[in-house]
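Here is final_7.cif, consisting of mmCIF, C-alpha atoms and all ligand atoms:
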data_model
loop_
_atom_site.label_atom_id
_atom_site.label_comp_id
_atom_site.auth_asym_id
_atom_site.auth_seq_id
_atom_site.Cartn_x
_atom_site.Cartn_y
_atom_site.Cartn_z
CA GLN Z 14 -16.40 29.80 43.58
CA SER Z 15 -18.41 30.83 46.61
CA SER Z 16 -21.53 31.86 44.67
CA LEU Z 17 -21.71 28.47 42.93
CA PRO Z 18 -24.31 25.96 44.08
CA LYS Z 19 -22.79 23.63 46.67
CA GLU Z 20 -23.70 20.45 44.76
CA LEU Z 21 -22.06 21.88 41.63
CA ARG Z 22 -18.89 22.74 43.59
CA GLU Z 23 -18.80 19.28 45.12
CA LYS Z 24 -19.04 17.50 41.76
CA TYR Z 25 -17.03 19.82 39.47
CA VAL Z 26 -14.09 22.21 39.57
CA LEU Z 27 -14.80 25.29 37.44
CA THR Z 28 -11.75 27.01 35.94
CA ARG Z 29 -11.25 29.58 33.15
CA GLY Z 30 -13.81 31.11 30.82
CA ILE Z 31 -13.80 29.54 27.34
CA GLY Z 32 -16.49 31.36 25.44
CA THR Z 33 -18.55 34.49 25.78
CA GLY Z 34 -22.25 34.78 25.17
CA VAL Z 35 -24.73 37.62 25.36
CA CYS Z 36 -26.51 35.96 28.24
CA GLY Z 37 -23.75 34.55 30.38
CA GLU Z 38 -20.45 32.79 29.90
CA VAL Z 39 -18.97 29.32 29.44
CA LYS Z 40 -16.36 27.92 31.79
CA LEU Z 41 -14.05 24.94 31.46
CA ALA Z 42 -14.84 22.43 34.23
CA PHE Z 43 -13.42 19.18 35.48
CA GLU Z 44 -15.58 16.44 36.95
CA ARG Z 45 -13.84 15.57 40.24
CA SER Z 46 -14.65 11.84 40.13
CA THR Z 47 -13.47 11.21 36.56
CA CYS Z 48 -11.25 14.24 35.79
CA ARG Z 49 -13.31 14.52 32.59
CA LYS Z 50 -13.23 17.97 30.94
CA LEU Z 51 -16.64 19.57 30.53
CA ALA Z 52 -18.16 22.98 29.77
CA VAL Z 53 -20.46 24.85 32.14
CA LYS Z 54 -22.73 27.49 30.62
CA ILE Z 55 -23.71 30.10 33.21
CA ILE Z 56 -26.87 32.02 32.32
CA ASN Z 57 -27.65 35.06 34.43
CA LYS Z 58 -31.36 35.20 35.11
CA LYS Z 59 -31.31 39.01 35.23
CA ASN Z 60 -30.33 38.99 31.53
CA PHE Z 61 -33.82 37.98 30.62
CA LYS Z 62 -36.36 40.68 29.83
CA SER Z 63 -39.21 40.42 32.30
CA GLU Z 64 -39.45 37.86 35.06
CA GLY Z 65 -42.46 36.17 33.46
CA THR Z 66 -41.08 35.29 30.05
CA ALA Z 67 -37.65 34.57 31.57
CA THR Z 68 -38.83 31.79 33.82
CA ARG Z 69 -41.09 30.31 31.16
CA ASN Z 70 -38.32 30.51 28.50
CA ALA Z 71 -35.77 28.99 30.83
CA LYS Z 72 -38.11 26.15 31.83
CA THR Z 73 -38.82 25.44 28.16
CA GLU Z 74 -35.15 25.62 27.29
CA ILE Z 75 -34.07 23.33 30.12
CA GLU Z 76 -36.86 20.90 29.18
CA ILE Z 77 -35.70 20.92 25.55
CA LEU Z 78 -32.01 20.58 26.50
CA GLN Z 79 -32.75 17.54 28.65
CA ARG Z 80 -35.18 15.97 26.20
CA VAL Z 81 -33.37 16.22 22.84
CA ASP Z 82 -31.18 13.31 21.80
CA HIS Z 83 -29.34 13.81 18.50
CA PRO Z 84 -25.61 13.73 17.67
CA CYS Z 85 -25.80 17.32 16.31
CA LEU Z 86 -27.59 18.83 19.31
CA ILE Z 87 -25.70 19.81 22.47
CA LYS Z 88 -26.22 17.32 25.28
CA THR Z 89 -26.54 18.45 28.88
CA GLU Z 90 -24.91 16.36 31.60
CA ASP Z 91 -26.24 18.22 34.62
CA PHE Z 92 -28.22 21.27 35.62
CA TYR Z 93 -28.19 23.54 38.70
CA GLN Z 94 -29.67 26.90 39.57
CA THR Z 95 -29.38 29.62 42.20
CA ASP Z 96 -31.60 32.69 42.67
CA ASP Z 97 -29.73 34.59 39.98
CA SER Z 98 -28.20 32.05 37.61
CA TYR Z 99 -28.64 28.77 35.76
CA TYR Z 100 -25.64 26.41 35.49
CA ILE Z 101 -25.80 23.96 32.59
CA VAL Z 102 -23.09 21.26 32.50
CA LEU Z 103 -22.40 20.30 28.87
CA GLU Z 104 -20.04 18.24 26.76
CA LEU Z 105 -16.90 20.14 25.78
CA MET Z 106 -16.83 21.41 22.19
CA GLU Z 107 -13.11 22.12 21.69
CA GLY Z 108 -13.62 23.66 18.26
CA GLY Z 109 -15.55 26.50 19.84
CA GLU Z 110 -18.17 28.54 18.02
CA LEU Z 111 -18.57 28.48 14.23
CA PHE Z 112 -18.75 32.27 14.62
CA GLN Z 113 -15.02 32.45 15.43
CA LYS Z 114 -14.24 30.39 12.34
CA VAL Z 115 -16.23 32.47 9.86
CA LYS Z 116 -15.76 36.00 11.18
CA SER Z 117 -12.79 38.00 9.76
CA GLN Z 118 -14.02 37.19 6.23
CA GLN Z 119 -12.87 33.56 6.40
CA GLN Z 120 -14.73 31.55 3.77
CA LEU Z 121 -14.99 27.85 4.47
CA LYS Z 122 -13.98 25.39 1.75
CA GLU Z 123 -17.20 24.35 -0.02
CA SER Z 124 -16.74 20.73 1.09
CA VAL Z 125 -16.44 21.85 4.75
CA ALA Z 126 -19.45 24.18 4.45
CA LYS Z 127 -21.45 21.28 2.98
CA LEU Z 128 -20.42 18.90 5.80
CA TYR Z 129 -21.42 21.45 8.47
CA PHE Z 130 -24.63 22.44 6.65
CA TYR Z 131 -25.73 18.81 6.28
CA GLN Z 132 -25.30 18.29 10.03
CA MET Z 133 -27.24 21.50 10.80
CA LEU Z 134 -30.05 20.25 8.52
CA LYS Z 135 -30.15 16.89 10.34
CA ALA Z 136 -30.21 18.64 13.74
CA VAL Z 137 -33.05 20.96 12.70
CA GLN Z 138 -34.90 18.09 10.97
CA TYR Z 139 -34.80 16.27 14.33
CA LEU Z 140 -36.04 19.35 16.25
CA HIS Z 141 -38.90 19.91 13.78
CA SER Z 142 -39.93 16.25 13.88
CA ASN Z 143 -40.20 16.73 17.66
CA GLY Z 144 -42.33 19.87 17.27
CA ILE Z 145 -39.53 22.24 18.32
CA ILE Z 146 -38.65 25.44 16.42
CA HIS Z 147 -35.17 26.74 17.27
CA ARG Z 148 -35.78 30.35 16.14
CA ASP Z 149 -32.26 31.59 16.91
CA LEU Z 150 -29.90 29.71 14.56
CA LYS Z 151 -26.70 31.77 14.15
CA PRO Z 152 -22.92 31.09 14.03
CA GLU Z 153 -22.60 31.70 17.78
CA ASN Z 154 -24.99 28.82 18.42
CA ILE Z 155 -23.19 26.29 16.21
CA LEU Z 156 -20.38 24.60 18.14
CA LEU Z 157 -17.53 22.59 16.60
CA SER Z 158 -16.25 19.43 18.29
CA SER Z 159 -12.63 20.01 17.29
CA GLN Z 160 -10.24 22.43 15.60
CA GLU Z 161 -10.16 20.12 12.54
CA ASP Z 162 -12.19 21.20 9.49
CA VAL Z 163 -13.75 17.74 9.33
CA CYS Z 164 -15.59 17.62 12.65
CA LEU Z 165 -18.96 17.13 14.30
CA ILE Z 166 -21.05 20.25 14.82
CA LYS Z 167 -23.73 20.76 17.49
CA VAL Z 168 -26.57 23.27 17.67
CA THR Z 169 -27.08 24.95 21.04
CA ASP Z 170 -28.94 27.79 22.83
CA PHE Z 171 -32.65 26.99 22.86
CA ASN Z 172 -33.47 30.24 24.64
CA GLN Z 173 -35.72 31.40 21.79
CA SER Z 174 -37.05 27.94 21.02
CA ARG Z 175 -40.74 27.17 21.08
CA ILE Z 176 -42.45 23.84 21.39
CA LEU Z 177 -45.25 23.86 18.83
CA GLU Z 178 -48.37 23.95 20.96
CA GLU Z 179 -50.63 21.92 18.65
CA ALA Z 180 -52.66 21.27 21.78
CA SER Z 181 -53.50 24.96 22.25
CA LEU Z 182 -54.48 25.22 18.56
CA MET Z 183 -56.76 22.19 18.96
CA ARG Z 184 -58.36 23.79 22.03
CA THR Z 185 -58.88 26.98 20.04
CA LEU Z 186 -60.58 25.09 17.22
CA CYS Z 187 -62.96 23.45 19.71
CA GLY Z 188 -64.46 26.79 20.64
CA THR Z 189 -66.84 28.81 18.49
CA PRO Z 190 -64.93 29.77 15.33
CA SER Z 191 -67.04 32.83 14.60
CA TYR Z 192 -64.54 35.26 16.16
CA LEU Z 193 -61.34 33.53 15.03
CA ALA Z 194 -59.13 35.30 12.47
CA PRO Z 195 -58.49 33.52 9.11
CA GLU Z 196 -54.81 32.92 9.83
CA VAL Z 197 -55.73 30.70 12.78
CA PHE Z 198 -57.10 28.23 10.18
CA THR Z 199 -54.47 28.70 7.48
CA HIS Z 200 -50.86 27.57 7.48
CA ALA Z 201 -49.66 30.62 9.32
CA SER Z 202 -50.47 29.39 12.79
CA THR Z 203 -49.86 25.67 12.40
CA THR Z 204 -46.45 23.98 12.13
CA GLY Z 205 -46.12 25.06 8.46
CA TYR Z 206 -44.76 28.62 8.63
CA GLY Z 207 -43.36 28.37 12.15
CA LEU Z 208 -40.78 25.84 10.99
CA ALA Z 209 -39.88 27.93 7.95
CA VAL Z 210 -38.08 30.51 10.11
CA ASP Z 211 -35.35 27.96 10.81
CA ALA Z 212 -34.98 27.27 7.07
CA TRP Z 213 -34.36 31.00 6.47
CA SER Z 214 -31.75 31.12 9.26
CA LEU Z 215 -29.99 28.08 7.80
CA GLY Z 216 -29.88 29.94 4.47
CA VAL Z 217 -28.16 32.87 6.21
CA LEU Z 218 -25.76 30.48 7.97
CA LEU Z 219 -24.88 28.74 4.67
CA PHE Z 220 -24.37 32.12 2.96
CA VAL Z 221 -21.93 33.18 5.70
CA CYS Z 222 -20.03 29.85 5.56
CA LEU Z 223 -19.67 29.98 1.75
CA GLY Z 224 -19.20 33.74 1.29
CA GLY Z 225 -17.39 34.67 4.50
CA TYR Z 226 -19.72 37.66 5.00
CA PRO Z 227 -23.42 38.00 5.93
CA PRO Z 228 -26.18 38.39 3.28
CA PHE Z 229 -27.87 41.21 5.19
CA HIS Z 230 -25.92 43.84 7.10
CA GLU Z 231 -26.52 47.42 8.20
CA SER Z 232 -23.34 48.58 6.49
CA PHE Z 233 -24.54 47.40 3.02
CA GLY Z 234 -25.96 50.17 0.82
CA HIS Z 235 -28.62 52.65 1.79
CA GLN Z 236 -31.27 50.25 3.05
CA SER Z 237 -31.70 49.32 6.70
CA ILE Z 238 -30.92 45.69 7.47
CA THR Z 239 -34.63 45.15 8.14
CA ASP Z 240 -35.55 46.44 4.66
CA GLN Z 241 -32.86 44.22 3.08
CA ILE Z 242 -34.34 41.20 4.88
CA ILE Z 243 -37.98 42.05 4.19
CA ARG Z 244 -37.13 42.47 0.49
CA GLY Z 245 -34.82 39.44 0.55
CA GLU Z 246 -32.14 41.53 -1.15
CA PHE Z 247 -28.62 40.13 -0.86
CA THR Z 248 -25.56 40.24 -3.10
CA MET Z 249 -23.18 37.42 -3.91
CA VAL Z 250 -20.01 39.47 -4.42
CA PRO Z 251 -18.23 37.82 -7.44
CA SER Z 252 -14.76 37.93 -5.87
CA LYS Z 253 -16.09 35.87 -2.98
CA TRP Z 254 -18.53 33.61 -4.83
CA LYS Z 255 -16.84 32.87 -8.16
CA HIS Z 256 -15.35 29.64 -6.79
CA VAL Z 257 -18.64 28.52 -5.23
CA SER Z 258 -20.61 25.92 -7.23
CA ASP Z 259 -23.94 26.83 -8.84
CA GLN Z 260 -25.63 24.05 -6.85
CA ALA Z 261 -24.45 25.55 -3.54
CA LYS Z 262 -25.69 28.99 -4.64
CA ASP Z 263 -29.00 27.38 -5.62
CA VAL Z 264 -29.51 26.07 -2.06
CA VAL Z 265 -28.87 29.56 -0.63
CA ARG Z 266 -31.22 31.22 -3.11
CA LYS Z 267 -34.03 28.73 -2.39
CA LEU Z 268 -33.74 29.22 1.39
CA LEU Z 269 -33.47 33.04 1.34
CA VAL Z 270 -36.99 33.36 -0.11
CA VAL Z 271 -39.16 35.98 1.63
CA ASP Z 272 -42.49 34.14 1.22
CA PRO Z 273 -42.38 31.28 3.78
CA SER Z 274 -44.81 29.21 1.72
CA LYS Z 275 -42.40 29.36 -1.24
CA ARG Z 276 -39.22 28.85 0.81
CA MET Z 277 -37.46 25.48 0.48
CA THR Z 278 -38.16 23.26 3.49
CA ILE Z 279 -35.58 21.34 5.53
CA GLU Z 280 -36.76 18.08 3.92
CA GLU Z 281 -36.44 19.57 0.41
CA ALA Z 282 -32.99 20.92 1.25
CA LEU Z 283 -31.90 17.42 2.31
CA GLN Z 284 -33.02 16.17 -1.14
CA HIS Z 285 -31.25 18.98 -3.03
CA PRO Z 286 -28.62 17.75 -5.57
CA TRP Z 287 -25.86 19.69 -3.72
CA LEU Z 288 -26.32 17.40 -0.72
CA GLN Z 289 -26.51 14.11 -2.70
CA ASP Z 290 -22.80 13.63 -1.97
CA ARG Z 291 -22.01 10.14 -0.73
CA ASP Z 292 -18.49 10.95 0.51
CA MET Z 293 -19.78 13.88 2.56
CA MET Z 294 -22.64 11.78 3.92
CA ASP Z 295 -20.33 8.90 4.86
CA THR Z 296 -18.05 11.34 6.68
CA ALA Z 297 -21.00 12.99 8.44
CA HIS Z 298 -22.45 9.67 9.55
CA ARG Z 299 -19.05 8.43 10.73
CA LEU Z 300 -18.82 11.61 12.88
CA MET Z 301 -22.42 11.42 14.06
CA TYR Z 302 -22.45 7.69 14.86
CA PRO Z 303 -18.82 6.86 15.69
CA SER Z 304 -19.65 3.71 17.64
CA GLY Z 305 -21.13 2.45 14.39
CA ASP Z 306 -23.85 0.86 16.52
CA ALA Z 307 -26.37 -1.26 14.68
CA ALA Z 308 -29.31 1.15 14.75
CA ALA Z 309 -27.20 4.02 13.47
CA THR Z 310 -25.60 1.88 10.79
CA ALA Z 311 -29.07 0.80 9.73
CA ALA Z 312 -30.09 4.46 9.56
CA VAL Z 313 -27.06 5.17 7.41
CA GLN Z 314 -27.83 2.24 5.10
CA VAL Z 315 -31.41 3.45 4.67
CA GLU Z 316 -30.15 6.94 3.85
CA ARG Z 317 -27.59 5.60 1.37
CA LEU Z 318 -30.06 3.27 -0.31
CA ALA Z 319 -32.50 6.19 -0.63
CA THR Z 320 -29.76 8.30 -2.18
CA ARG Z 321 -28.75 5.46 -4.49
CA LYS Z 322 -32.39 4.83 -5.48
CA ARG Z 323 -32.89 8.54 -6.15
CA GLY Z 324 -29.76 8.45 -8.30
CA ARG Z 325 -31.10 5.47 -10.34
CA ASP Z 326 -34.50 7.11 -10.67
CA GLU Z 327 -32.81 10.17 -12.08
CA GLY Z 328 -30.88 7.98 -14.59
CA ASP Z 329 -27.72 8.08 -12.53
CA GLU Z 330 -25.36 6.38 -15.04
CA GLU Z 331 -22.69 5.86 -12.34
CA GLU Z 332 -22.53 2.12 -11.54
CA GLU Z 333 -22.88 1.15 -7.84
C1 LIG O 401 -27.68 26.28 26.35
C2 LIG O 401 -26.95 27.48 25.90
N1 LIG O 401 -27.48 28.69 25.87
N2 LIG O 401 -28.72 28.93 26.33
C3 LIG O 401 -29.08 30.24 26.52
N3 LIG O 401 -28.25 31.19 26.15
N4 LIG O 401 -30.25 30.47 27.07
C4 LIG O 401 -25.54 27.37 25.47
C5 LIG O 401 -24.96 28.44 24.79
C6 LIG O 401 -23.63 28.38 24.42
C7 LIG O 401 -22.87 27.26 24.73
N5 LIG O 401 -21.52 27.29 24.37
C8 LIG O 401 -20.61 26.32 24.65
O1 LIG O 401 -20.87 25.25 25.18
C9 LIG O 401 -19.24 26.61 24.24
C10 LIG O 401 -18.75 27.80 23.69
C11 LIG O 401 -17.38 27.59 23.52
C12 LIG O 401 -16.35 28.39 23.01
C13 LIG O 401 -15.04 27.88 23.00
C14 LIG O 401 -14.75 26.57 23.45
C15 LIG O 401 -15.80 25.80 23.95
N6 LIG O 401 -15.54 24.48 24.45
O2 LIG O 401 -16.51 23.77 24.88
O3 LIG O 401 -14.37 24.05 24.40
C16 LIG O 401 -17.10 26.30 23.99
N7 LIG O 401 -18.26 25.71 24.42
C17 LIG O 401 -23.46 26.18 25.38
C18 LIG O 401 -24.79 26.24 25.75
#
Go through the file and emit its structure as structure tokens.
Ligand SMILES: C/C(=N\NC(=N)N)c1ccc(NC(=O)c2cc3cccc([N+](=O)[O-])c3[nH]2)cc1
Amino acid sequence: QSSLPKELREKYVLTRGIGTGVCGEVKLAFERSTCRKLAVKIINKKNFKSEGTATRNAKTEIEILQRVDHPCLIKTEDFYQTDDSYYIVLELMEGGELFQKVKSQQQLKESVAKLYFYQMLKAVQYLHSNGIIHRDLKPENILLSSQEDVCLIKVTDFNQSRILEEASLMRTLCGTPSYLAPEVFTHASTTGYGLAVDAWSLGVLLFVCLGGYPPFHESFGHQSITDQIIRGEFTMVPSKWKHVSDQAKDVVRKLLVVDPSKRMTIEEALQHPWLQDRDMMDTAHRLMYPSGDAAATAAVQVERLATRKRGRDEGDEEEE
């Protein structure tokens, strides 16, 4: 306890480790004044590559962590740092990492995978609408709020995240264009493609949740994992996928598209037939907005009306 910042020690009691991460660990903590249980993520500064990027990354990450406000994004309660570590006080996510749930070939029930995937889409939709690309979406960075299958999920670890610097692009375009490369003007450098990397990662996450194994892996066949990814070559092993609906497979196939300009976007994924599932959406919104406060309820109503309207537009014979 001695190496902990004094203010941290005065406000919280840190106990056992509850999760392991490549860049640090997570400890269970109790807030002295309220006895509330919390998590403290300890990030060793020396884990970062070079001093320069480390400090900049960490500043960006801390700024993002303190700025984001969405039910499916981890919320920080407090933040401390010493010369060699960052201490981030977070809400406790008793279900742990999605990684633990899907490793050892455990396939999730399709309804559970859909509930989690919908929440991941909403979290990433929120990040993108705030000009933030996550860039490191993986099962270790998806936390579950409880051991129950039906639970809230939260995206965490913004270490690789980037805030889209539209400003720097605007400055660039003010100068003389004569020496600028074509991609500076095309999609590649503006929000377009940047955001698409998160759509790909969500495709990999959905594949793992539905199939219980990763789409690209060094142990598959003769190709390196990089070649498999560059070629977008993955296999849906029948024994694992025969019970998975065609609509679910369609979402995976439209996200794991190599050409970012042809890849399904987050918005399009949210409109995909597989996700037009009112029961799932009601459950998700009940988990995301438990207080049922007015604004949230309004948001839910808007979403449901939109879904209902879409259904009518598409000749949805089902009566309301
Ligand atoms: C902000 C961040 N990482 N940032 C970074 N690596 N630069 C970050 C990364 C991971 C976490 N993980 C947890 O909060 C976390 C992991 C885990 C496992 C079992 C049980 C619990 N829990 O809260 O009960 C857990 N919480 C929380 C924050």
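The space separating atom CA of Ile155 of chain Z from atom CA of Phe112 of chain Z comes to 7.6 Å.
Checking Z:Val315, Z:Val53, Z:Ala71, Z:Val125 one by one against Ile101 of chain Z, counting only C-alpha atoms, you find the shortest gap at Z:Val53.
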Open item on the list: My list of candidates is Z:Gln119, Z:Thr28, Z:Val81, Z:Leu156. Which is closest to ligand LIG 401 (chain O) when distances are computed with all atoms listed in the file?
Closed with: Z:Leu156
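Pairwise distance (atom CA of Asp82 of chain Z, atom CA of Glu38 of chain Z) equals 23.7 Å.
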TODO: Determine, counting only C-alpha atoms, every residue of protein, DNA or RNA that lies within 10 Å of (-18.5, 21.9, 3.3) in the file coordinates, then give the result as a PyMOL selection string.
DONE: chain Z and resi 121-131+162-163+219+222-223+261+288+293
Open item on the list: Show me, as a PyMOL selection string, the residues that have an atom within 9 Å of Ile75 of chain Z when counting all atoms listed in the file, minus same-chain residues fewer than 6 positions from it.
Closed with: chain Z and resi 92+101+171-172
Residues of chain Z within 6 Å of ligand LIG 401 (chain O): nearest atom pair and distance (Å, one decimal) for each, counting only C-alpha atoms and all ligand atoms, sorted by chain and number, as CSV?
residue,atom,partner,partner_atom,distance
Z:Ile31,CA,O:LIG401,C13,4.8
Z:Gly32,CA,O:LIG401,C12,3.8
Z:Cys36,CA,O:LIG401,N3,5.5
Z:Val39,CA,O:LIG401,C9,5.9
Z:Ala52,CA,O:LIG401,O2,5.2
Z:Lys54,CA,O:LIG401,C18,5.4
Z:Leu105,CA,O:LIG401,O2,3.8
Z:Met106,CA,O:LIG401,O2,3.6
Z:Glu107,CA,O:LIG401,O3,3.6
Z:Gly109,CA,O:LIG401,C13,3.5
Z:Glu110,CA,O:LIG401,C12,5.3
Z:Thr169,CA,O:LIG401,C4,5.3
Z:Asp170,CA,O:LIG401,N1,3.5
Z:Phe171,CA,O:LIG401,N2,5.6
Z:Asn172,CA,O:LIG401,N4,4.0
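With only C-alpha atoms as the atoms that count, the residue of Z:Glu246, Z:Glu153, Z:Glu280, Z:Glu196 with the shortest distance to Leu208 of chain Z is Z:Glu280.
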Open item on the list: Please report the interatomic distance between atom CA of Ser142 of chain Z and atom CA of Tyr302 of chain Z in Å with one decimal.
Closed with: 19.5 Å
TODO: Write out as a PyMOL selection string which residues come within 12 Å of Leu269 of chain Z when counting all atoms listed in the file, dropping same-chain ones fewer than 2 positions away.
DONE: chain Z and resi 209-220+228-229+241-248+262-267+271-278
Open item on the list: Let me make sure I understand: among Z:Val270, Z:Val102, Z:Leu78, Z:Cys164, which one has the smallest atom-to-atom distance to Arg22 of chain Z if we use only C-alpha atoms?
Closed with: Z:Val102
TODO: Pick out the residues sitting within 10 Å of Thr95 of chain Z, and hand them over as JSON, numbers by chain; count all atoms listed in the file, and ignore anything fewer than 3 positions along from it in its own chain.
DONE: {"Z": [16, 17, 18, 19, 57, 58, 98, 99, 100]}
Could you take the residues named above and write them with C-alpha atoms, as a PDB file, keeping the file's coordinate frame?
ATOM      1  CA  SER Z  16     -21.530  31.860  44.670  1.00  0.00           C
ATOM      2  CA  LEU Z  17     -21.710  28.470  42.930  1.00  0.00           C
ATOM      3  CA  PRO Z  18     -24.310  25.960  44.080  1.00  0.00           C
ATOM      4  CA  LYS Z  19     -22.790  23.630  46.670  1.00  0.00           C
ATOM      5  CA  ASN Z  57     -27.650  35.060  34.430  1.00  0.00           C
ATOM      6  CA  LYS Z  58     -31.360  35.200  35.110  1.00  0.00           C
ATOM      7  CA  SER Z  98     -28.200  32.050  37.610  1.00  0.00           C
ATOM      8  CA  TYR Z  99     -28.640  28.770  35.760  1.00  0.00           C
ATOM      9  CA  TYR Z 100     -25.640  26.410  35.490  1.00  0.00           C
TER      10      TYR Z 100
END
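All residues of protein, DNA or RNA that reach within 9 Å of Gln118 of chain Z, judged by only C-alpha atoms and not counting those fewer than 4 positions away in the chain, are Z:Val221, Z:Gly224, Z:Gly225, Z:Tyr226.
Considering the residues Z:Gln132, Z:Thr68, Z:Gln138, Z:Thr310 and counting all atoms listed in the file, Met294 of chain Z has its shortest atom-to-atom contact with Z:Gln132.
Using all atoms listed in the file for every distance, the candidate list Z:Pro227, Z:Gly234, Z:Pro84, Z:Pro190 yields Z:Pro84 as the residue closest to Ile166 of chain Z.
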